[in-house]
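Asks: I have a structure I would like to understand better, so I am pasting it below and will then ask my questions one at a time.
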Amino acid sequence: MADAGAAPLELGTEKIGTLLRKFAVPGIIAQTAASLYNMVDSIYIGHIPDVGSYAISGLAVTFPLMNISIALGTLVGVGAMTLISIMLGQKKYESACKVLSNTLTLNVIIGVVFTIVALAFLDPILYFFGASERTIPFARDYMTIIILGNTFTHLLHGFNGIIRSSGHPKTAMGLTLFTVISNAILDPIFIFGLGMGIKGAALATVICQILALVYTFKFLGDKKHFLHFSKPLFRLNGRIARQSLAIGLGPFMMNVAASLVALFVNQQLRKYGGDLAIGAYGIVNRFVMLFAMICMGFNQGLQPIAGYNFGARQYKRVKEVFILTAKWEVLVTTVCFLIAMFVPQVAAGMFTNDPELLGLSSRGMRIMCSGFALVGFGMASGNFFQCLGMVKKSIFLSLSRQLLFLLPFIYTLPLWFQETGVWISFPISDILNIIVSAIFIAGLFKKFNLMNDGDDPELLGGITTTRRVDHPTLQRAFSNLRRFLPFNNSTRV
C-alpha cells in the first residue's frame with residue numbers, strides 16, 4: 001500500500017469543531033453547488049420563450065423518476081462510504097480498497113439495468129407520474145438524455161462521496177464545482193444558442209458529468225493514494241456487496257419514498273390544480289432542496305467523523321459531532337423558513353415571470369415551509385444512525401416522514417381543503433418526524449452515556465464490518481448473479 005500511513009488519523013484526534021469545518025465546508029459548497037446545478041437547469045428552462053411555464057411543469061413531472069435513479073445510486077454509494085469510513089477507523093486499508101472496486105461493479109450493473117428498463121417504458125412512467133399531453137413532450141425530451149447518462153451519474157456521485165470520506169473533501173468539492181460551473185456555461189449555449197430547448201439542458205448535464213468522471217477515475221486509479229482501485233477491478237465480492245447494500249438500504253428507501261411522495265403530490269396537484277400547480281411544486285421543491293442540500297453537506301462532514309470514531313470506539317466524540325452538526329442544520333432550515341414566510345415572491349421569481357405560476361409558487365412555498373425550521377434536526381438524526389451502521393433505525397427514520405406521515409395526509413387532506421390540503425401535508429409531517437427523531441436520539445444517547453470509550457459497539461445494536469449483514473432478498477439476488485459474474489466469497493471484508 002503506497003501510503004497507508006497517510007490515512008486521516010486526525011479524525012480520531014483533532015478537535016471536533018475543527019474537523020467538522022474541514023469536512024463539512026467542502027461538502028456544503030459541493031452540495032450547494034449541486035443544488036444550484038439543478039436550479040440553473042430550472043431557471044433557464046423556466047425562461048424558454050412561449051413555453052417556459054409548461055416546460056418547468058414537465059421538468060417537475062420527472063422528479064419521481066430522477067429520485068428513483070438517485071435512490072439506486074445511494075443504495076451502493078452510501079453503503080460504500082460508511083464501510084470505508086469504519087474500515088479506516090479500524091486500520092483495514094486493503095478492505096477499504098476492495099469496497100471501492102466493488103462499488104464500481106455494482107454501480108455499472110444497476111445503472112445499465114435501470115437505463116434499459118426506464119427507456120423501454122418511459123412514456124407510461126411519465127404519464128403515471130403526472131404528465132399531461134401538454135407537458136409530456138418536455139418531460140420525455142429531458143429524461144431520455146438524462147437516462148442515457150444515468151450510469152455515469154451513478155458512478156460520479158458514488159465515487160465523489162468516497163473521495164470525500166477517504167480524507168480528500170477538497171478534491172470532491174472541486175469535482176462538484178467543475179460540473180456546476182461547466183453546466184452553467186453550457187446550458188445557455190445548448191438551450192438558447194443552439195436552439196435545443198430542454199434537450200440542451202439535459203445534454204449539458206450529462207456532458208459535464210462525464211468530464212468530471214474521467215478525472216475521478218484518474219484520481220482513484222492512482223496507487224499513490226491509500227485508497228485506490230484494486231485488482232481484479234470488476235470481480236464482485238458477495239460479502240462486501242451485501243454489506244454495502246444493507247447499509248445503503250436506509251437512504252435508498254428514503255429516496256424511493258421521496259419518489260412516491262413526488263408521484264402522489266403530482267397526481268393530487270394535477271387533480272385539484274392542473275399543470276401549473278405541478279410547476280409550482282417543482283419551483284418550491286427546487287427552493288427547499290437548496291437548503292436541504294446544505295444540510296446534506298453538513299451530513300457529509302458528519303459521516304467520516306462519526307463513522308471513524310465509532311469504528312475506533314470513541315463514543316464521546318461521536319456524540320459531540322452529532323450535537324454540533326444538528327445545531328448548524330437547524331440554523332440552515334430556520335433561514336429557509338424565514339425566507340419562505342416573508343419573501344416567497346423573490347425566491348419563486350428566479351424561476352418564472354409568469355404571474356399565475358408565480359402566485360401559485362409563492363403561496364405554496366409559504367404553506368409548505370411553515371414547519372421547516374427544525375427539519376435540520378431530523379435530517380441530522382437519520383443520517384447519524386446511517387453513519388454508525390445502525391440500519392434498522394436509519395431506515396425507520398428515513399421512511400417515517402415520507403410514508404407513515406406525509407403520504408396519508410396527501411391523500412386525505414385534499415378531500416377537505418382541495419389543493420391547499422396537499423401543501424398543508426408537508427409541515428404536519430415535518431413536525432411529527434422531528435418528534436420521532438428526538439425520541440430515537442434520546443435513546444441512543446442514553447446508551448452512549450452508559451458506555452466508556454473502547455467498549456464493544458455491539459452493545460448499541462449496531463453493526464461491525466467483520467459481521468455478515470444478511471438479507472434474504474439480497475442473498476437470492478446475489479445467488480442469481482453468481483451465474484453470470486465471477487465471485488470471490490473467500491475474502492473477508
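Identifiers in this document derive from the order of the C-alpha cells: chains are assigned A, B, ..., residues are numbered from 1 separately in each chain, and ligands are numbered from 1 in order of occurrence.
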If we count only C-alpha atoms, what is near Asn255 of chain A at a cut-off of 12 Å, once residues fewer than 4 positions away on the same chain are taken out, given as a tab-separated table (two decimals) with C-alpha atoms, in the first residue's frame?
Replies:
```tsv
chain	number	residue	atom	x	y	z
A	63	PHE	CA	-38.76	14.34	-10.27
A	64	PRO	CA	-40.09	10.91	-9.19
A	65	LEU	CA	-38.12	9.10	-11.91
A	66	MET	CA	-34.98	11.08	-11.15
A	67	ASN	CA	-35.38	10.26	-7.44
A	68	ILE	CA	-35.53	6.56	-8.27
A	69	SER	CA	-32.29	6.91	-10.20
A	70	ILE	CA	-30.71	8.74	-7.26
A	71	ALA	CA	-32.03	6.05	-4.90
A	72	LEU	CA	-30.25	3.32	-6.85
A	73	GLY	CA	-27.04	5.31	-6.76
A	74	THR	CA	-27.25	5.87	-2.99
A	75	LEU	CA	-28.02	2.18	-2.45
A	248	GLY	CA	-27.43	1.71	1.84
A	249	LEU	CA	-31.00	0.43	2.24
A	250	GLY	CA	-31.89	3.34	4.52
A	251	PRO	CA	-31.09	6.20	2.13
A	259	SER	CA	-40.26	9.35	-5.43
A	260	LEU	CA	-43.60	8.10	-4.15
A	261	VAL	CA	-44.26	11.43	-2.47
A	262	ALA	CA	-43.42	13.36	-5.64
A	395	ILE	CA	-34.44	3.09	7.65
A	398	SER	CA	-35.79	7.79	6.74
A	399	LEU	CA	-39.24	6.45	5.96
A	401	ARG	CA	-41.77	11.29	7.44
A	402	GLN	CA	-42.41	10.15	3.88
A	403	LEU	CA	-44.54	7.02	4.25
```
Asks: I want to know what sits within 7 Å of Met39 of chain A, based on only C-alpha atoms, with residues of the same chain fewer than 4 positions away left out; could you give that as a VMD selection string?
Replies: chain A and resid 35 43 286
Asks: Would you kindly return, as a VMD selection string, each protein, DNA or RNA residue with an atom no farther than 9 Å from any atom of Ala131 of chain A, considering only C-alpha atoms and excluding same-chain residues fewer than 2 positions away?
Replies: chain A and resid 57 to 58 61 to 62 123 125 to 129 133 to 136 139 266 to 267 270 275
Asks: Just the selected residues (C-alpha atoms), exported as a CSV table (one decimal), in the first residue's frame, please.
Replies:
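The resulting file, part36.csv, is reproduced below:
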```csv
chain,number,residue,atom,x,y,z
A,57,SER,CA,-44.1,21.7,-15.2
A,58,GLY,CA,-42.8,19.0,-17.5
A,61,VAL,CA,-43.1,15.6,-13.7
A,62,THR,CA,-39.6,14.0,-14.0
A,123,ASP,CA,-43.9,7.4,-21.7
A,125,ILE,CA,-44.0,6.1,-16.5
A,126,LEU,CA,-44.2,9.8,-17.1
A,127,TYR,CA,-48.0,9.7,-17.6
A,128,PHE,CA,-48.2,7.8,-14.3
A,129,PHE,CA,-46.1,10.4,-12.6
A,133,GLU,CA,-50.5,15.8,-23.2
A,134,ARG,CA,-49.2,19.4,-22.8
A,135,THR,CA,-46.2,18.6,-20.6
A,136,ILE,CA,-45.1,15.1,-21.7
A,139,ALA,CA,-40.6,15.6,-19.8
A,266,ASN,CA,-48.1,15.5,-8.8
A,267,GLN,CA,-51.2,13.4,-9.1
A,270,ARG,CA,-53.0,17.8,-11.2
A,275,ASP,CA,-50.4,21.5,-14.8
```
Asks: Just how far from atom CA of Pro124 of chain A is atom CA of Ile283 of chain A, in Å to one decimal?
Replies: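 Computed distance, atom CA of Ile283 of chain A to atom CA of Pro124 of chain A, equals 24.0 Å.
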Asks: Hey, what's within 7 Å of segment 107-117 of chain A if we count only C-alpha atoms and toss same-chain stuff fewer than 6 positions away? As an MDAnalysis selection string, please?
Replies: chainID A and resid 73 76 147:148 150:151 154:155
Asks: One decimal, Å: what's the distance from atom CA of Phe342 of chain A over to atom CA of Phe405 of chain A, could you say?
Replies: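 Atom CA of Phe405 of chain A lies at a distance of 26.9 Å from atom CA of Phe342 of chain A.
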Asks: So what do you get for atom CA of His47 of chain A versus atom CA of Thr352 of chain A, distance-wise?
Replies: 6.4 Å
Asks: For Met254 of chain A, which of A:Pro427, A:Ile434, A:Leu397, A:Asp455 is the closest residue, counting only C-alpha atoms?
Replies: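 Using only C-alpha atoms, the shortest distance to Met254 of chain A belongs to A:Leu397.
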Asks: Kindly indicate which residue among A:Val318, A:Cys387, A:Leu338, A:Leu19 lies nearest to Phe448 of chain A, using only C-alpha atoms for the distances.
Replies: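 Closest to Phe448 of chain A of all the choices is A:Val318.
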Asks: For Ile181 of chain A, list every protein, DNA or RNA residue within 12 Å, evaluated using only C-alpha atoms, and leave out those in the same chain fewer than 5 positions away; present the list as a list of chain:residue names.
Replies: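 In the requested form, the answer reads A:Ala30, A:Ala33, A:Ala34, A:Leu36, A:Tyr37, A:Asn38, A:Val40, A:Gly174, A:Leu175, A:Thr176, A:Leu186, A:Asp187, A:Ala204, A:Thr205, A:Cys208, A:Gln209, A:Ala212.
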Asks: Find the residues around Ala312 of chain A up to 9 Å (only C-alpha atoms counted), leave out those fewer than 3 positions away in its own chain, and share them as a VMD selection string.
Replies: chain A and resid 12 86 89 to 90 307 to 309 315 453 to 454
Asks: When DSSP is applied to the backbone of this structure, which of segment 313-406 of chain A are assigned helix (DSSP H, G or I)? Write them out as number ranges by chain.
Replies: A: 315-342, 344-349, 355-368, 375-387, 391-406
Asks: May I have the residues from that selection written out with C-alpha atoms, as a PDB file, in the first residue's frame?
Replies:
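Output (again09.pdb):
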```
ATOM      1  CA  TYR A 315     -18.212   7.448  21.721  1.00  0.00           C
ATOM      2  CA  LYS A 316     -17.843  10.863  23.347  1.00  0.00           C
ATOM      3  CA  ARG A 317     -16.513  12.229  20.079  1.00  0.00           C
ATOM      4  CA  VAL A 318     -19.394  10.579  18.201  1.00  0.00           C
ATOM      5  CA  LYS A 319     -21.916  12.373  20.436  1.00  0.00           C
ATOM      6  CA  GLU A 320     -20.104  15.671  20.145  1.00  0.00           C
ATOM      7  CA  VAL A 321     -20.043  15.707  16.357  1.00  0.00           C
ATOM      8  CA  PHE A 322     -23.765  14.929  16.133  1.00  0.00           C
ATOM      9  CA  ILE A 323     -24.754  17.722  18.521  1.00  0.00           C
ATOM     10  CA  LEU A 324     -22.660  20.279  16.663  1.00  0.00           C
ATOM     11  CA  THR A 325     -23.941  19.135  13.262  1.00  0.00           C
ATOM     12  CA  ALA A 326     -27.574  19.221  14.375  1.00  0.00           C
ATOM     13  CA  LYS A 327     -27.206  22.798  15.656  1.00  0.00           C
ATOM     14  CA  TRP A 328     -25.870  24.021  12.333  1.00  0.00           C
ATOM     15  CA  GLU A 329     -28.511  22.197  10.315  1.00  0.00           C
ATOM     16  CA  VAL A 330     -31.324  23.698  12.394  1.00  0.00           C
ATOM     17  CA  LEU A 331     -29.876  27.135  11.705  1.00  0.00           C
ATOM     18  CA  VAL A 332     -29.941  26.424   7.953  1.00  0.00           C
ATOM     19  CA  THR A 333     -33.536  25.202   7.899  1.00  0.00           C
ATOM     20  CA  THR A 334     -34.598  28.175  10.018  1.00  0.00           C
ATOM     21  CA  VAL A 335     -33.216  30.530   7.355  1.00  0.00           C
ATOM     22  CA  CYS A 336     -35.279  28.659   4.748  1.00  0.00           C
ATOM     23  CA  PHE A 337     -38.354  29.053   6.926  1.00  0.00           C
ATOM     24  CA  LEU A 338     -37.841  32.813   7.287  1.00  0.00           C
ATOM     25  CA  ILE A 339     -37.373  33.402   3.553  1.00  0.00           C
ATOM     26  CA  ALA A 340     -40.457  31.349   2.721  1.00  0.00           C
ATOM     27  CA  MET A 341     -42.557  33.189   5.264  1.00  0.00           C
ATOM     28  CA  PHE A 342     -41.556  36.766   4.409  1.00  0.00           C
ATOM     29  CA  PRO A 344     -41.530  33.923  -1.138  1.00  0.00           C
ATOM     30  CA  GLN A 345     -42.124  36.045  -4.262  1.00  0.00           C
ATOM     31  CA  VAL A 346     -38.424  36.831  -4.508  1.00  0.00           C
ATOM     32  CA  ALA A 347     -37.447  33.142  -4.334  1.00  0.00           C
ATOM     33  CA  ALA A 348     -40.104  31.988  -6.812  1.00  0.00           C
ATOM     34  CA  GLY A 349     -39.355  34.901  -9.140  1.00  0.00           C
ATOM     35  CA  PRO A 355     -47.861  35.911 -12.977  1.00  0.00           C
ATOM     36  CA  GLU A 356     -50.118  32.888 -12.407  1.00  0.00           C
ATOM     37  CA  LEU A 357     -47.286  30.455 -11.804  1.00  0.00           C
ATOM     38  CA  LEU A 358     -45.504  32.992  -9.592  1.00  0.00           C
ATOM     39  CA  GLY A 359     -48.606  33.422  -7.420  1.00  0.00           C
ATOM     40  CA  LEU A 360     -49.151  29.678  -7.054  1.00  0.00           C
ATOM     41  CA  SER A 361     -45.499  29.106  -6.178  1.00  0.00           C
ATOM     42  CA  SER A 362     -45.338  31.873  -3.567  1.00  0.00           C
ATOM     43  CA  ARG A 363     -48.457  30.664  -1.798  1.00  0.00           C
ATOM     44  CA  GLY A 364     -47.328  27.024  -1.873  1.00  0.00           C
ATOM     45  CA  MET A 365     -43.868  27.922  -0.580  1.00  0.00           C
ATOM     46  CA  ARG A 366     -45.256  29.780   2.424  1.00  0.00           C
ATOM     47  CA  ILE A 367     -47.506  26.856   3.402  1.00  0.00           C
ATOM     48  CA  MET A 368     -45.067  24.046   2.654  1.00  0.00           C
ATOM     49  CA  VAL A 375     -36.249  19.916   9.967  1.00  0.00           C
ATOM     50  CA  GLY A 376     -32.447  20.117  10.146  1.00  0.00           C
ATOM     51  CA  PHE A 377     -32.537  18.120  13.380  1.00  0.00           C
ATOM     52  CA  GLY A 378     -34.496  15.342  11.699  1.00  0.00           C
ATOM     53  CA  MET A 379     -32.101  15.255   8.746  1.00  0.00           C
ATOM     54  CA  ALA A 380     -29.070  15.055  11.014  1.00  0.00           C
ATOM     55  CA  SER A 381     -30.677  12.297  13.097  1.00  0.00           C
ATOM     56  CA  GLY A 382     -31.485   9.985  10.199  1.00  0.00           C
ATOM     57  CA  ASN A 383     -28.019  10.385   8.731  1.00  0.00           C
ATOM     58  CA  PHE A 384     -26.389   9.856  12.139  1.00  0.00           C
ATOM     59  CA  PHE A 385     -27.782   6.343  12.530  1.00  0.00           C
ATOM     60  CA  GLN A 386     -26.762   5.513   8.973  1.00  0.00           C
ATOM     61  CA  CYS A 387     -23.197   6.725   9.708  1.00  0.00           C
ATOM     62  CA  VAL A 391     -29.556   0.081   9.550  1.00  0.00           C
ATOM     63  CA  LYS A 392     -32.998  -0.512  11.088  1.00  0.00           C
ATOM     64  CA  LYS A 393     -33.132   2.797  12.932  1.00  0.00           C
ATOM     65  CA  SER A 394     -31.830   4.667   9.902  1.00  0.00           C
ATOM     66  CA  ILE A 395     -34.445   3.093   7.646  1.00  0.00           C
ATOM     67  CA  PHE A 396     -37.277   3.823  10.059  1.00  0.00           C
ATOM     68  CA  LEU A 397     -36.327   7.475  10.464  1.00  0.00           C
ATOM     69  CA  SER A 398     -35.793   7.789   6.740  1.00  0.00           C
ATOM     70  CA  LEU A 399     -39.244   6.449   5.964  1.00  0.00           C
ATOM     71  CA  SER A 400     -41.340   7.788   8.826  1.00  0.00           C
ATOM     72  CA  ARG A 401     -41.774  11.288   7.439  1.00  0.00           C
ATOM     73  CA  GLN A 402     -42.407  10.148   3.882  1.00  0.00           C
ATOM     74  CA  LEU A 403     -44.542   7.021   4.248  1.00  0.00           C
ATOM     75  CA  LEU A 404     -46.022   6.998   7.748  1.00  0.00           C
ATOM     76  CA  PHE A 405     -46.958  10.658   7.858  1.00  0.00           C
ATOM     77  CA  LEU A 406     -46.797  12.500   4.534  1.00  0.00           C
TER      78      LEU A 406
END
```
